[in-house]
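What follows is a short report on a single structure.
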Amino acid sequence: MGRHSLPDGSAPERTGARPGVRRRPLVLAIGLVLAVAAGSVVALRSGLLPFGGPCDGQSARLDVAASPAIAPALEAVAKTAREDATRTDGRCLDVRITARAANDVADAFGQRPVNPEFQVWIPDSSLWVDRVDAERGTPLTAAGTIASSPITLGAVPKAATSLGWPEKNYTWTKLIRTATSGDALRLGVADPARSATGLLALDRIDAANAKDAKDSGEAGTRTAATAKLLRQRIADSDGQALATLPRDDSGAEQGNPRRNQALLLSEQAAYAHNTAAGGGPRLDLFYPQDGTARLDFPYTLVDDVEMRPEQTRAASRFMTLLGEDDGLRTLRRHGFRAGNGEADPKVIAAAGGRAPQPYSAAPADPPTVKELQAVMGRWTVTVRNIRLTAAVDASSSMGSPVPGGGGRSRMDLAKHSLLRALATFTPEDEIGLWKFATFLDGDKDYVELSPTGRLGDRDPAGGTHREALTTAFSSLAPVSRGATGLYDTTLAAYREACATYTSGKLNSLVIVTDGANDDAGSLGPDALAGRVKELFDPKRPVPVIALAIGPAADTAALDRIVAPTGGSAHRVGDPSQLHQTLLNALMTAGGKGAR
């Protein structure tokens, strides 16, 4: 999906293509190598390569955003290039590195239009590039992998010995189960919503659970249980996770309940910790035998169609420097493996790896975008609180009996299923309930039965909001001769949900209906979609989840309504399964980066 090849040099070794990432065609890469070989003499004669006198004229400026872990290594290469008067297009190469958290850059690039201040982005993982691509954000082109680092479990010596290091090998499931059983070991991790290390580790745990469990339900339960345990020791970033380790070998530090004795972290992060002066007790590394995940540090061009030719050539020249012997040595000195994952014995030893740990084994296949979204959704629903308003259709057709339902109506099965969903939410979750049918309250098609609030809050009489909601759901009944006032209700409920948005929670509006809009006096579908789009704020997202039951539900209209919000519409054949569809939809919404 790349649009033009890098013209000024060859790329470092790259790994196999992954779905969703713009990769350059192999024919262009081969042509590029031939072009570099054929043009070497011309480059030498014209001053394109770094031979000659010091810089005394214009420079070729290249701005690079890089993950904090790799930024120091990149700065070292850039500094050497400036000192050596390395040239491109006859100008001295001037590369400026800015350390920037990958999740922050991805958030910015995910929203278009954007005027990028960087020509190159080097995040710690391709998953960030995939995310921007999936959001149809700023055009990105991944040109190759410049370094890599597997994700491991690192433990301070006493904790590592208790786990059997280095002789004991574990699978992901056994390693996490052993490390989190009892109170003897405190295991930390960076937030998967902000850290590629945290998310990729959670994905490997989820994949291992899927392989070991008897079915997907059991696997999901295991992953959710692990997520809850990890949530107790979570840090906002990889750097903050490292800061939770003991600062020295004293009993006070080792016994401090706020200090973690083990972390899920990259090999490179362990290397940096172990080689830092005054970094505290060294870490010993466990490499799961069923395949590690790895950080792959993609060299990514930012909106390369808009780059000036001299910027494109500067980007190519810097990429070439990173792939040459001096560049590779600099990356190794900072604890990185080569882009192909080849392990350097000195790096491994300094990082805390030792045989028979399988540190040279091939990594697991990288997860797809959909797999990561599913894992992120499960994490979001498990560890983040939810603010949700449900608007339930109370038109007369909801009284229709469901075939095979033992005489029970759509409304009977729907409210029973929604009560099951209510039972899964925590006291910190905020839930509210509306019902709708034409002209329920004068000209209005909707009535708020219970305001959206914390389930654990108590009313003046001493009852909880959960109890009040249970009563409200149980009271739902079809309105005689009531029709489906879908559009006006959706707009009113969405406007309210956006106005009362709560940061730090997954906010959502859920519409449950069995029909098409029957209010002739309401706004039309195009007008509704337009108004919803105007209300949607990507920095305060409120996805709409529409659950359609019965053959008359207008799923085409529902698809149009939810699209501007990043939500989803689902036809539910059995109303008794609404709760399962709802929870799955919330996980999907959470996996799209709810903030």
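Residue numbers start at 1 in each chain; chains themselves are named A, B, ... in the order of the structure tokens; ligands are numbered from 1 in the order shown.
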Name the residues in contact with stretch 67-83 of chain A at a cut-off of 6 Å, using only C-alpha atoms, excluding same-chain residues fewer than 4 positions from it; report them as a ChimeraX atom specification.
/A:95,97,99-102,123-124,331
At a cut-off of 9 Å, using only C-alpha atoms, what residues contact stretch 576-586 of chain A? Leave out same-chain residues fewer than 4 positions from it and give the result as number ranges by chain.
A: 374, 377-378, 380-381, 410, 412-422, 506, 508, 510, 512, 545-547, 549, 567-570, 572, 590-591
For the selection you just gave me, I'd like the residues written to a file as an mmCIF file, in the first residue's frame, keeping N, CA and C atoms.
data_model
loop_
_atom_site.group_PDB
_atom_site.id
_atom_site.type_symbol
_atom_site.label_atom_id
_atom_site.label_comp_id
_atom_site.auth_asym_id
_atom_site.auth_seq_id
_atom_site.Cartn_x
_atom_site.Cartn_y
_atom_site.Cartn_z
ATOM 1 N N ALA A 374 -9.995 -7.138 20.181
ATOM 2 C CA ALA A 374 -10.761 -8.007 21.076
ATOM 3 C C ALA A 374 -10.122 -8.060 22.462
ATOM 4 N N GLY A 377 -10.621 -4.751 24.157
ATOM 5 C CA GLY A 377 -12.004 -4.639 24.610
ATOM 6 C C GLY A 377 -12.240 -5.410 25.895
ATOM 7 N N ARG A 378 -11.683 -6.619 25.963
ATOM 8 C CA ARG A 378 -11.848 -7.427 27.182
ATOM 9 C C ARG A 378 -11.180 -6.720 28.358
ATOM 10 N N THR A 380 -10.711 -3.476 28.664
ATOM 11 C CA THR A 380 -11.494 -2.279 28.981
ATOM 12 C C THR A 380 -12.711 -2.617 29.828
ATOM 13 N N VAL A 381 -13.447 -3.638 29.399
ATOM 14 C CA VAL A 381 -14.662 -3.999 30.121
ATOM 15 C C VAL A 381 -14.337 -4.581 31.494
ATOM 16 N N ARG A 410 -41.309 -10.710 23.404
ATOM 17 C CA ARG A 410 -39.997 -10.102 23.180
ATOM 18 C C ARG A 410 -39.569 -9.276 24.390
ATOM 19 N N ASP A 412 -40.523 -9.652 27.537
ATOM 20 C CA ASP A 412 -40.217 -10.535 28.669
ATOM 21 C C ASP A 412 -38.774 -11.030 28.586
ATOM 22 N N LEU A 413 -38.410 -11.544 27.414
ATOM 23 C CA LEU A 413 -37.069 -12.100 27.253
ATOM 24 C C LEU A 413 -36.009 -11.009 27.259
ATOM 25 N N ALA A 414 -36.341 -9.863 26.651
ATOM 26 C CA ALA A 414 -35.362 -8.777 26.576
ATOM 27 C C ALA A 414 -35.029 -8.232 27.958
ATOM 28 N N LYS A 415 -36.042 -7.944 28.752
ATOM 29 C CA LYS A 415 -35.743 -7.351 30.057
ATOM 30 C C LYS A 415 -35.071 -8.358 30.996
ATOM 31 N N HIS A 416 -35.413 -9.647 30.850
ATOM 32 C CA HIS A 416 -34.739 -10.668 31.653
ATOM 33 C C HIS A 416 -33.255 -10.722 31.289
ATOM 34 N N SER A 417 -32.959 -10.633 29.991
ATOM 35 C CA SER A 417 -31.569 -10.669 29.539
ATOM 36 C C SER A 417 -30.828 -9.410 29.967
ATOM 37 N N LEU A 418 -31.490 -8.262 29.905
ATOM 38 C CA LEU A 418 -30.852 -7.017 30.322
ATOM 39 C C LEU A 418 -30.580 -7.006 31.822
ATOM 40 N N LEU A 419 -31.436 -7.651 32.590
ATOM 41 C CA LEU A 419 -31.179 -7.781 34.024
ATOM 42 C C LEU A 419 -29.944 -8.652 34.282
ATOM 43 N N ARG A 420 -29.743 -9.650 33.429
ATOM 44 C CA ARG A 420 -28.536 -10.472 33.541
ATOM 45 C C ARG A 420 -27.300 -9.631 33.250
ATOM 46 N N ALA A 421 -27.398 -8.749 32.263
ATOM 47 C CA ALA A 421 -26.278 -7.852 31.975
ATOM 48 C C ALA A 421 -26.014 -6.914 33.148
ATOM 49 N N LEU A 422 -27.096 -6.401 33.751
ATOM 50 C CA LEU A 422 -26.954 -5.493 34.889
ATOM 51 C C LEU A 422 -26.189 -6.155 36.029
ATOM 52 N N LEU A 506 -15.743 3.968 29.972
ATOM 53 C CA LEU A 506 -16.266 3.658 28.648
ATOM 54 C C LEU A 506 -17.711 4.135 28.596
ATOM 55 N N SER A 508 -21.269 4.931 26.695
ATOM 56 C CA SER A 508 -22.000 4.351 25.570
ATOM 57 C C SER A 508 -23.499 4.580 25.721
ATOM 58 N N VAL A 510 -26.990 2.610 24.489
ATOM 59 C CA VAL A 510 -27.485 1.336 23.955
ATOM 60 C C VAL A 510 -28.957 1.488 23.582
ATOM 61 N N VAL A 512 -32.262 -0.553 22.207
ATOM 62 C CA VAL A 512 -32.876 -1.865 21.995
ATOM 63 C C VAL A 512 -34.223 -1.647 21.312
ATOM 64 N N ILE A 545 -24.555 1.648 20.530
ATOM 65 C CA ILE A 545 -24.711 0.215 20.277
ATOM 66 C C ILE A 545 -26.195 -0.051 20.082
ATOM 67 N N ALA A 546 -26.558 -0.530 18.904
ATOM 68 C CA ALA A 546 -27.964 -0.791 18.585
ATOM 69 C C ALA A 546 -28.199 -2.297 18.546
ATOM 70 N N LEU A 547 -29.194 -2.756 19.293
ATOM 71 C CA LEU A 547 -29.545 -4.168 19.348
ATOM 72 C C LEU A 547 -30.939 -4.339 18.744
ATOM 73 N N ILE A 549 -34.056 -6.611 17.517
ATOM 74 C CA ILE A 549 -34.709 -7.898 17.715
ATOM 75 C C ILE A 549 -35.991 -7.939 16.879
ATOM 76 N N GLY A 567 -19.719 3.131 16.833
ATOM 77 C CA GLY A 567 -20.454 2.062 17.506
ATOM 78 C C GLY A 567 -20.751 0.910 16.569
ATOM 79 N N SER A 568 -21.797 0.132 16.895
ATOM 80 C CA SER A 568 -22.116 -1.047 16.101
ATOM 81 C C SER A 568 -23.589 -1.385 16.241
ATOM 82 N N ALA A 569 -24.130 -2.035 15.198
ATOM 83 C CA ALA A 569 -25.524 -2.493 15.202
ATOM 84 C C ALA A 569 -25.536 -4.005 15.063
ATOM 85 N N HIS A 570 -26.422 -4.665 15.783
ATOM 86 C CA HIS A 570 -26.456 -6.120 15.820
ATOM 87 C C HIS A 570 -27.896 -6.614 15.744
ATOM 88 N N VAL A 572 -30.250 -9.490 16.792
ATOM 89 C CA VAL A 572 -30.239 -10.536 17.808
ATOM 90 C C VAL A 572 -31.452 -11.437 17.576
ATOM 91 N N GLY A 590 -14.680 -0.922 23.466
ATOM 92 C CA GLY A 590 -13.512 -0.659 24.295
ATOM 93 C C GLY A 590 -12.221 -0.895 23.559
ATOM 94 N N GLY A 591 -12.223 -1.852 22.621
ATOM 95 C CA GLY A 591 -11.027 -2.163 21.852
ATOM 96 C C GLY A 591 -10.687 -1.122 20.817
#
Write out as an MDAnalysis selection string all residues of stretch 118-165 of chain A that DSSP puts in alpha helix (DSSP H) for this structure's backbone.
chainID A and resid 126:134 157:162
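The two atoms in question, atom CA of A:Glu496 and atom CA of A:Thr565, are spaced 14.4 Å apart.
Every protein or nucleic acid residue with an atom no more than 10 Å from A:Thr513, counting only C-alpha atoms and leaving out same-chain residues fewer than 6 positions away, appears here: Ala391, Val392, Asp393, Ala394, Ser395, Ser397, Met398, Arg410, Met411, Ala414, Phe436, Thr484, Gly485, Leu486, Ala546, Leu547, Ala548, Ile549, Gly550, Ala552, Ala553, Asp554, Thr555, Leu558 and Arg571 of chain A.
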Pick from A:Ser148, A:Glu342, A:Val375, A:Ala269 nearest to A:Ile205, counting only C-alpha atoms
A:Val375
Stretch 296-300 of chain A: which residues within 8 Å, counting only C-alpha atoms, same-chain residues fewer than 2 positions away excluded, as a list in words?
Val120, Trp121, Ile122, Pro123, Asp124, Ser125, Ser126, Leu140, Thr141, Ala142, Ala143, Gly144, Thr145, Ile146, Ala147, Ser148, Ser149, Arg294, Val302, Met319 and Gly339 of chain A
Mind writing the picked residues with N, CA, C and O atoms as a PDB file, in the first residue's frame?
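Final output, out14.pdb:
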ATOM      1  N   VAL A 120       9.189  11.357  10.057  1.00  0.00           N
ATOM      2  CA  VAL A 120       9.389   9.939  10.366  1.00  0.00           C
ATOM      3  C   VAL A 120       8.905   9.678  11.786  1.00  0.00           C
ATOM      4  O   VAL A 120       9.119  10.502  12.687  1.00  0.00           O
ATOM      5  N   TRP A 121       8.255   8.556  11.960  1.00  0.00           N
ATOM      6  CA  TRP A 121       7.793   8.125  13.281  1.00  0.00           C
ATOM      7  C   TRP A 121       8.326   6.722  13.524  1.00  0.00           C
ATOM      8  O   TRP A 121       8.155   5.836  12.676  1.00  0.00           O
ATOM      9  N   ILE A 122       8.966   6.501  14.665  1.00  0.00           N
ATOM     10  CA  ILE A 122       9.457   5.173  15.028  1.00  0.00           C
ATOM     11  C   ILE A 122       8.838   4.796  16.373  1.00  0.00           C
ATOM     12  O   ILE A 122       9.412   5.048  17.440  1.00  0.00           O
ATOM     13  N   PRO A 123       7.632   4.232  16.349  1.00  0.00           N
ATOM     14  CA  PRO A 123       7.021   3.740  17.582  1.00  0.00           C
ATOM     15  C   PRO A 123       7.673   2.428  17.997  1.00  0.00           C
ATOM     16  O   PRO A 123       8.476   1.858  17.252  1.00  0.00           O
ATOM     17  N   ASP A 124       7.317   1.926  19.163  1.00  0.00           N
ATOM     18  CA  ASP A 124       7.928   0.674  19.600  1.00  0.00           C
ATOM     19  C   ASP A 124       7.267  -0.553  18.991  1.00  0.00           C
ATOM     20  O   ASP A 124       7.812  -1.653  19.059  1.00  0.00           O
ATOM     21  N   SER A 125       6.095  -0.367  18.370  1.00  0.00           N
ATOM     22  CA  SER A 125       5.394  -1.519  17.803  1.00  0.00           C
ATOM     23  C   SER A 125       4.560  -1.112  16.596  1.00  0.00           C
ATOM     24  O   SER A 125       4.008  -0.004  16.551  1.00  0.00           O
ATOM     25  N   SER A 126       4.453  -2.037  15.645  1.00  0.00           N
ATOM     26  CA  SER A 126       3.595  -1.805  14.478  1.00  0.00           C
ATOM     27  C   SER A 126       2.127  -1.698  14.835  1.00  0.00           C
ATOM     28  O   SER A 126       1.328  -1.220  14.030  1.00  0.00           O
ATOM     29  N   LEU A 140       0.275   6.705   6.732  1.00  0.00           N
ATOM     30  CA  LEU A 140       1.560   6.231   7.228  1.00  0.00           C
ATOM     31  C   LEU A 140       2.075   5.114   6.325  1.00  0.00           C
ATOM     32  O   LEU A 140       1.285   4.314   5.820  1.00  0.00           O
ATOM     33  N   THR A 141       3.371   5.045   6.156  1.00  0.00           N
ATOM     34  CA  THR A 141       3.980   3.985   5.363  1.00  0.00           C
ATOM     35  C   THR A 141       5.115   3.364   6.160  1.00  0.00           C
ATOM     36  O   THR A 141       6.135   4.024   6.423  1.00  0.00           O
ATOM     37  N   ALA A 142       4.944   2.127   6.578  1.00  0.00           N
ATOM     38  CA  ALA A 142       5.985   1.413   7.320  1.00  0.00           C
ATOM     39  C   ALA A 142       7.014   0.891   6.330  1.00  0.00           C
ATOM     40  O   ALA A 142       6.720   0.058   5.481  1.00  0.00           O
ATOM     41  N   ALA A 143       8.224   1.421   6.419  1.00  0.00           N
ATOM     42  CA  ALA A 143       9.263   1.109   5.442  1.00  0.00           C
ATOM     43  C   ALA A 143      10.159  -0.042   5.870  1.00  0.00           C
ATOM     44  O   ALA A 143      10.905  -0.564   5.045  1.00  0.00           O
ATOM     45  N   GLY A 144      10.142  -0.438   7.112  1.00  0.00           N
ATOM     46  CA  GLY A 144      10.989  -1.536   7.564  1.00  0.00           C
ATOM     47  C   GLY A 144      11.111  -1.540   9.073  1.00  0.00           C
ATOM     48  O   GLY A 144      10.686  -0.603   9.753  1.00  0.00           O
ATOM     49  N   THR A 145      11.708  -2.613   9.591  1.00  0.00           N
ATOM     50  CA  THR A 145      11.924  -2.762  11.024  1.00  0.00           C
ATOM     51  C   THR A 145      13.394  -2.499  11.330  1.00  0.00           C
ATOM     52  O   THR A 145      14.267  -3.153  10.755  1.00  0.00           O
ATOM     53  N   ILE A 146      13.691  -1.562  12.210  1.00  0.00           N
ATOM     54  CA  ILE A 146      15.083  -1.204  12.463  1.00  0.00           C
ATOM     55  C   ILE A 146      15.664  -1.897  13.692  1.00  0.00           C
ATOM     56  O   ILE A 146      16.888  -1.926  13.866  1.00  0.00           O
ATOM     57  N   ALA A 147      14.799  -2.433  14.562  1.00  0.00           N
ATOM     58  CA  ALA A 147      15.270  -3.101  15.778  1.00  0.00           C
ATOM     59  C   ALA A 147      14.114  -3.935  16.317  1.00  0.00           C
ATOM     60  O   ALA A 147      12.977  -3.843  15.832  1.00  0.00           O
ATOM     61  N   SER A 148      14.407  -4.746  17.316  1.00  0.00           N
ATOM     62  CA  SER A 148      13.343  -5.542  17.929  1.00  0.00           C
ATOM     63  C   SER A 148      13.739  -5.889  19.360  1.00  0.00           C
ATOM     64  O   SER A 148      14.906  -5.766  19.745  1.00  0.00           O
ATOM     65  N   SER A 149      12.743  -6.321  20.127  1.00  0.00           N
ATOM     66  CA  SER A 149      12.999  -6.742  21.503  1.00  0.00           C
ATOM     67  C   SER A 149      11.839  -7.610  21.971  1.00  0.00           C
ATOM     68  O   SER A 149      10.676  -7.197  21.886  1.00  0.00           O
ATOM     69  N   ARG A 294       6.869  -9.579  20.554  1.00  0.00           N
ATOM     70  CA  ARG A 294       8.044  -8.726  20.446  1.00  0.00           C
ATOM     71  C   ARG A 294       7.683  -7.343  19.936  1.00  0.00           C
ATOM     72  O   ARG A 294       6.729  -7.156  19.179  1.00  0.00           O
ATOM     73  N   VAL A 302       5.683   9.555   7.477  1.00  0.00           N
ATOM     74  CA  VAL A 302       4.435  10.239   7.823  1.00  0.00           C
ATOM     75  C   VAL A 302       3.968  11.051   6.620  1.00  0.00           C
ATOM     76  O   VAL A 302       4.621  12.016   6.219  1.00  0.00           O
ATOM     77  N   MET A 319      17.664   6.108   7.516  1.00  0.00           N
ATOM     78  CA  MET A 319      17.317   4.703   7.639  1.00  0.00           C
ATOM     79  C   MET A 319      18.499   3.817   7.245  1.00  0.00           C
ATOM     80  O   MET A 319      18.764   2.782   7.874  1.00  0.00           O
ATOM     81  N   GLY A 339      16.593  -6.171  13.616  1.00  0.00           N
ATOM     82  CA  GLY A 339      15.197  -6.212  13.183  1.00  0.00           C
ATOM     83  C   GLY A 339      14.677  -7.615  12.956  1.00  0.00           C
ATOM     84  O   GLY A 339      13.480  -7.872  13.108  1.00  0.00           O
TER      85      GLY A 339
END
Could you name the residues that touch stretch 221-228 of chain A at 10 Å or less, counting only C-alpha atoms, but leaving out those on the same chain fewer than 5 positions away, as an MDAnalysis selection string?
chainID A and resid 173 176:177 180 192 202:203 205:210 213 216 233:234 375 378:383
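Here atom CA of A:Gly291 and atom CA of A:Pro363 stand 4.9 Å from one another.
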Enumerate, as a ChimeraX atom specification, the complete set of residues in stretch 430-539 of chain A that a backbone-based DSSP assignment places in strand (DSSP E).
/A:430-441,444-454,506-513
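Of note, atom CA of A:Ala349 and atom CA of A:Asp365 are spaced 25.0 Å apart.
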May I have the residues within 9 Å of A:Pro541 as a ChimeraX atom specification, using only C-alpha atoms and disregarding those fewer than 4 positions away in the same chain?
/A:498,501,506-508,536-537,565-566,594-595
Any chance you could export the current selection's all heavy atoms as a PDB file, in the first residue's frame?
ATOM      1  N   CYS A 498     -23.715  12.581  25.556  1.00  0.00           N
ATOM      2  CA  CYS A 498     -22.546  13.400  25.241  1.00  0.00           C
ATOM      3  C   CYS A 498     -22.374  14.524  26.259  1.00  0.00           C
ATOM      4  O   CYS A 498     -21.250  14.851  26.668  1.00  0.00           O
ATOM      5  CB  CYS A 498     -22.669  13.978  23.840  1.00  0.00           C
ATOM      6  SG  CYS A 498     -22.539  12.762  22.506  1.00  0.00           S
ATOM      7  N   TYR A 501     -20.890  13.165  29.582  1.00  0.00           N
ATOM      8  CA  TYR A 501     -19.729  12.281  29.406  1.00  0.00           C
ATOM      9  C   TYR A 501     -18.839  12.300  30.656  1.00  0.00           C
ATOM     10  O   TYR A 501     -18.593  13.348  31.249  1.00  0.00           O
ATOM     11  CB  TYR A 501     -18.919  12.751  28.199  1.00  0.00           C
ATOM     12  CG  TYR A 501     -17.656  11.968  27.942  1.00  0.00           C
ATOM     13  CD1 TYR A 501     -17.657  10.844  27.137  1.00  0.00           C
ATOM     14  CD2 TYR A 501     -16.448  12.368  28.526  1.00  0.00           C
ATOM     15  CE1 TYR A 501     -16.490  10.136  26.904  1.00  0.00           C
ATOM     16  CE2 TYR A 501     -15.288  11.666  28.291  1.00  0.00           C
ATOM     17  CZ  TYR A 501     -15.306  10.554  27.487  1.00  0.00           C
ATOM     18  OH  TYR A 501     -14.157   9.851  27.258  1.00  0.00           O
ATOM     19  N   LEU A 506     -15.743   3.968  29.972  1.00  0.00           N
ATOM     20  CA  LEU A 506     -16.266   3.658  28.648  1.00  0.00           C
ATOM     21  C   LEU A 506     -17.711   4.135  28.596  1.00  0.00           C
ATOM     22  O   LEU A 506     -18.597   3.534  29.204  1.00  0.00           O
ATOM     23  CB  LEU A 506     -16.181   2.155  28.382  1.00  0.00           C
ATOM     24  CG  LEU A 506     -16.842   1.649  27.102  1.00  0.00           C
ATOM     25  CD1 LEU A 506     -16.262   2.356  25.882  1.00  0.00           C
ATOM     26  CD2 LEU A 506     -16.683   0.149  26.972  1.00  0.00           C
ATOM     27  N   ASN A 507     -17.938   5.228  27.892  1.00  0.00           N
ATOM     28  CA  ASN A 507     -19.273   5.811  27.776  1.00  0.00           C
ATOM     29  C   ASN A 507     -19.981   5.215  26.568  1.00  0.00           C
ATOM     30  O   ASN A 507     -19.376   5.042  25.507  1.00  0.00           O
ATOM     31  CB  ASN A 507     -19.177   7.320  27.601  1.00  0.00           C
ATOM     32  CG  ASN A 507     -18.657   8.040  28.832  1.00  0.00           C
ATOM     33  OD1 ASN A 507     -19.368   8.783  29.496  1.00  0.00           O
ATOM     34  ND2 ASN A 507     -17.380   7.830  29.161  1.00  0.00           N
ATOM     35  N   SER A 508     -21.269   4.931  26.695  1.00  0.00           N
ATOM     36  CA  SER A 508     -22.000   4.351  25.570  1.00  0.00           C
ATOM     37  C   SER A 508     -23.499   4.580  25.721  1.00  0.00           C
ATOM     38  O   SER A 508     -24.022   4.720  26.841  1.00  0.00           O
ATOM     39  CB  SER A 508     -21.718   2.843  25.484  1.00  0.00           C
ATOM     40  OG  SER A 508     -22.397   2.264  24.393  1.00  0.00           O
ATOM     41  N   PHE A 536     -20.837  14.021  17.944  1.00  0.00           N
ATOM     42  CA  PHE A 536     -19.725  13.126  18.272  1.00  0.00           C
ATOM     43  C   PHE A 536     -18.420  13.895  18.419  1.00  0.00           C
ATOM     44  O   PHE A 536     -18.059  14.704  17.569  1.00  0.00           O
ATOM     45  CB  PHE A 536     -19.560  12.055  17.197  1.00  0.00           C
ATOM     46  CG  PHE A 536     -18.407  11.113  17.468  1.00  0.00           C
ATOM     47  CD1 PHE A 536     -18.507  10.146  18.461  1.00  0.00           C
ATOM     48  CD2 PHE A 536     -17.225  11.212  16.753  1.00  0.00           C
ATOM     49  CE1 PHE A 536     -17.454   9.282  18.731  1.00  0.00           C
ATOM     50  CE2 PHE A 536     -16.160  10.354  17.011  1.00  0.00           C
ATOM     51  CZ  PHE A 536     -16.280   9.395  18.001  1.00  0.00           C
ATOM     52  N   ASP A 537     -17.707  13.641  19.517  1.00  0.00           N
ATOM     53  CA  ASP A 537     -16.409  14.257  19.778  1.00  0.00           C
ATOM     54  C   ASP A 537     -15.392  13.135  19.956  1.00  0.00           C
ATOM     55  O   ASP A 537     -15.484  12.363  20.916  1.00  0.00           O
ATOM     56  CB  ASP A 537     -16.491  15.102  21.054  1.00  0.00           C
ATOM     57  CG  ASP A 537     -15.173  15.811  21.374  1.00  0.00           C
ATOM     58  OD1 ASP A 537     -14.160  15.517  20.720  1.00  0.00           O
ATOM     59  OD2 ASP A 537     -15.169  16.655  22.297  1.00  0.00           O
ATOM     60  N   THR A 565     -20.461   7.334  15.228  1.00  0.00           N
ATOM     61  CA  THR A 565     -20.019   7.280  16.624  1.00  0.00           C
ATOM     62  C   THR A 565     -18.973   6.213  16.884  1.00  0.00           C
ATOM     63  O   THR A 565     -18.468   6.115  18.004  1.00  0.00           O
ATOM     64  CB  THR A 565     -21.226   7.002  17.541  1.00  0.00           C
ATOM     65  OG1 THR A 565     -21.637   5.622  17.392  1.00  0.00           O
ATOM     66  CG2 THR A 565     -22.394   7.908  17.212  1.00  0.00           C
ATOM     67  N   GLY A 566     -18.646   5.403  15.861  1.00  0.00           N
ATOM     68  CA  GLY A 566     -17.735   4.284  16.082  1.00  0.00           C
ATOM     69  C   GLY A 566     -18.391   3.139  16.802  1.00  0.00           C
ATOM     70  O   GLY A 566     -17.714   2.243  17.315  1.00  0.00           O
ATOM     71  N   ALA A 594     -11.335   3.527  23.490  1.00  0.00           N
ATOM     72  CA  ALA A 594     -12.137   4.448  24.290  1.00  0.00           C
ATOM     73  C   ALA A 594     -11.257   5.181  25.277  1.00  0.00           C
ATOM     74  O   ALA A 594     -10.333   4.644  25.845  1.00  0.00           O
ATOM     75  CB  ALA A 594     -13.226   3.665  25.028  1.00  0.00           C
ATOM     76  N   ARG A 595     -11.570   6.445  25.519  1.00  0.00           N
ATOM     77  CA  ARG A 595     -10.703   7.269  26.367  1.00  0.00           C
ATOM     78  C   ARG A 595     -11.414   7.644  27.655  1.00  0.00           C
ATOM     79  O   ARG A 595     -12.586   7.811  27.683  1.00  0.00           O
ATOM     80  CB  ARG A 595     -10.268   8.546  25.607  1.00  0.00           C
ATOM     81  CG  ARG A 595      -9.410   8.216  24.401  1.00  0.00           C
ATOM     82  CD  ARG A 595      -9.280   9.425  23.482  1.00  0.00           C
ATOM     83  NE  ARG A 595      -8.402   9.164  22.390  1.00  0.00           N
ATOM     84  CZ  ARG A 595      -8.765   8.502  21.277  1.00  0.00           C
ATOM     85  NH1 ARG A 595      -9.982   8.026  21.146  1.00  0.00           N
ATOM     86  NH2 ARG A 595      -7.904   8.301  20.300  1.00  0.00           N
TER      87      ARG A 595
END
Could you list, as a ChimeraX atom specification, every residue within 8 Å of A:Pro281, counting only C-alpha atoms and ignoring same-chain residues fewer than 2 positions away?
/A:156-157,246-249,274,279,283
